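Note sheet for the following structure.
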Amino acid sequence: MAITIETHTTSGAPIILIYGPEGCGKTSLALDAPNPIYLQIAPEAPPWGKHPKKFAGVSSFSDVMSALRMLYKTPGDFQTLVIDSLSSLEPWVWEAVCLKNNWKDIEAPGFGRGYVAVDYLWVDLYAGLRKLGEARGITTLLIAHSEGSYVDEPGLPPFHKHTIRLHKRGEAIATESCDAIWFMHTKVTMKTVDTGFGRKENYAEGGGVRMLSTDGRAHFMAKNRFNMPTDIIIPMNQPWDAVANYLIPPESPIEPEPEKITATLEPVSVAAPSVVPPPSPTGVENKAVTNGLPKMSELIAKYEPQVNPPSTVEEMSAGIGGDMIPL
């Protein structure tokens, strides 16, 4: 296959993962996207009063893949697939691997081999979602819960960090496979109160403002490929409008055609070159005969392939290997 250079163009709909603590509005945001279809992973459920179209009878990882194939074959007018949630789907993935290998549980193989065997199922899932985006233009919104952990950085005291509630191998594959990872949370401010006797207590205020962080920080992980602001306030009503404009694919750059230069050529009069007649070979030929050299006519025949045949006795002598003969 020949290697060529071409301009990259954006194609297909993205895969976006939205994670955060319970009750911060992740599912409400996802279901407000255009024409969604809901893939429910028990025990998850849509918010009260939301009645989205959904896949019925899904109770295993095999059913999830069957639902993706159904949507691929008959996409209808659906534009968004909402999977709620990855955190609840992970036990189904483990169960599928255990059934295939006749294991009691995911820890049965020992030494973490069970979690390694799960990788190919995650890869199959994201490959199917990518096909939906490229061939059917369906955006996938994956919902996941967050969990807290403490991080020990050299030279720093331990600090709290929000991560996706998945096994570290599943989290790594999700991070690589998604086009964006958004951390959704509520805005909280800390205040300090003097309780007397030299003691102070901290307490939190706020929580009524929903925030979507699109760029990672030390205390949480996030990313995006859409040139989004670092933090976006998500309203209670029509929350998807706050992010919709950033997901519109940019127009492919149009390479300019080479500039056509046109010019009018005016006739220019050029004087004919002066023609200097070649010297008559008569005198040279007579001297060549006098000195015992071949005639000029014979040398012209010998040097016919040359562009400039010998024109002097010295050139003729050198051409046949003789000495320079002064005239």
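So you can find residues: chains in the structure tokens are A, B, ... in the order shown, residues in each start at 1, and ligands are numbered from 1 in order.
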Check: Can you tell me, as a PyMOL selection string, what residues are no more than 12 Å from range 67-70 of chain A when counting only C-alpha atoms, ignoring any on the same chain fewer than 3 positions away?
Finding: chain A and resi 37-40+54-64+73-76+81-83+124-133+136+138+140
For C-alpha atoms, I'd like the residues from the last selection saved as a CSV table (one decimal), in the first residue's frame.
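To be explicit, this is the file written out as part-v2.csv:
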```csv
chain,number,residue,atom,x,y,z
A,37,ILE,CA,-32.8,5.9,22.9
A,38,TYR,CA,-32.2,4.6,26.5
A,39,LEU,CA,-30.3,1.5,27.2
A,40,GLN,CA,-31.0,0.7,30.8
A,54,LYS,CA,-35.7,2.3,25.5
A,55,PHE,CA,-34.6,-1.2,24.7
A,56,ALA,CA,-36.7,-3.8,26.6
A,57,GLY,CA,-35.5,-7.2,27.8
A,58,VAL,CA,-31.9,-6.3,28.3
A,59,SER,CA,-30.4,-8.3,31.2
A,60,SER,CA,-26.9,-9.4,30.1
A,61,PHE,CA,-23.9,-8.2,28.2
A,62,SER,CA,-24.9,-10.4,25.3
A,63,ASP,CA,-28.2,-8.5,25.2
A,64,VAL,CA,-26.4,-5.2,25.2
A,73,LYS,CA,-29.5,-2.3,11.3
A,74,THR,CA,-32.6,-0.1,12.0
A,75,PRO,CA,-31.5,3.2,13.4
A,76,GLY,CA,-34.7,5.0,12.6
A,81,LEU,CA,-27.7,6.3,22.5
A,82,VAL,CA,-27.7,6.7,26.3
A,83,ILE,CA,-26.1,3.8,28.2
A,124,ASP,CA,-15.9,-5.1,21.4
A,125,LEU,CA,-18.3,-2.8,23.0
A,126,TYR,CA,-16.4,0.4,22.1
A,127,ALA,CA,-15.9,-0.9,18.5
A,128,GLY,CA,-19.6,-1.3,18.1
A,129,LEU,CA,-20.3,2.2,19.5
A,130,ARG,CA,-17.7,3.6,17.1
A,131,LYS,CA,-19.4,1.9,14.1
A,132,LEU,CA,-22.7,3.4,15.2
A,133,GLY,CA,-21.1,6.8,15.2
A,136,ARG,CA,-25.2,5.9,11.4
A,138,ILE,CA,-25.4,8.2,16.4
A,140,THR,CA,-23.2,7.7,22.4
```
Next item on the list: Give me the residues within 9 Å of Asp84 in chain A as a VMD selection string, counting only C-alpha atoms and dropping any in the same chain fewer than 4 places off.
Entry: chain A and resid 27 38 to 42 44 to 46 88 to 89 141 to 144
Margin query: One decimal, in Å: what's the spacing between CA of Val118 in chain A and CA of Lys100 in chain A?
Written below: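 CA of Lys100 in chain A lies 10.9 Å from CA of Val118 in chain A.
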Notebook entry, point to check: Hey, what does DSSP flag as strand (DSSP E) within range 45-272 of chain A? Can you give it to me as a ChimeraX atom specification?
Noted result: /A:53-54,80-84,139-151,159-164,180-196,199-213,231-234
Next item on the list: Kindly give the distance, in Å, that separates CA of Glu201 in chain A and CA of Ile233 in chain A, rounded to a single decimal.
Entry: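 CA of Ile233 in chain A lies at a distance of 28.9 Å from CA of Glu201 in chain A.
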Check: Which residues in range 63-258 of chain A does DSSP call alpha helix (DSSP H)? List them as JSON, numbers by chain.
Finding: {"A": [63, 64, 65, 66, 67, 68, 69, 70, 71, 72, 73, 86, 87, 88, 89, 90, 91, 92, 93, 94, 95, 96, 97, 98, 99, 100, 101, 113, 114, 115, 116, 117, 119, 120, 121, 122, 123, 124, 125, 126, 127, 128, 129, 130, 131, 132, 133, 134, 135, 136, 168, 169, 170, 171, 172, 173, 174, 175, 176, 177, 241, 242, 243, 244]}
Next item on the list: In Å, rounded to a single decimal, give me how far CA of Ala244 in chain A is from CA of Arg225 in chain A.
Entry: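 Separation between CA of Arg225 in chain A and CA of Ala244 in chain A: 13.8 Å.
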Check: Nearest to Cys24 in chain A: which of A:Gly196, A:Pro235, A:Gly148, A:Pro249 is it, counting only C-alpha atoms?
Finding: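 With only C-alpha atoms as the atom set, the closest residue is A:Pro235.
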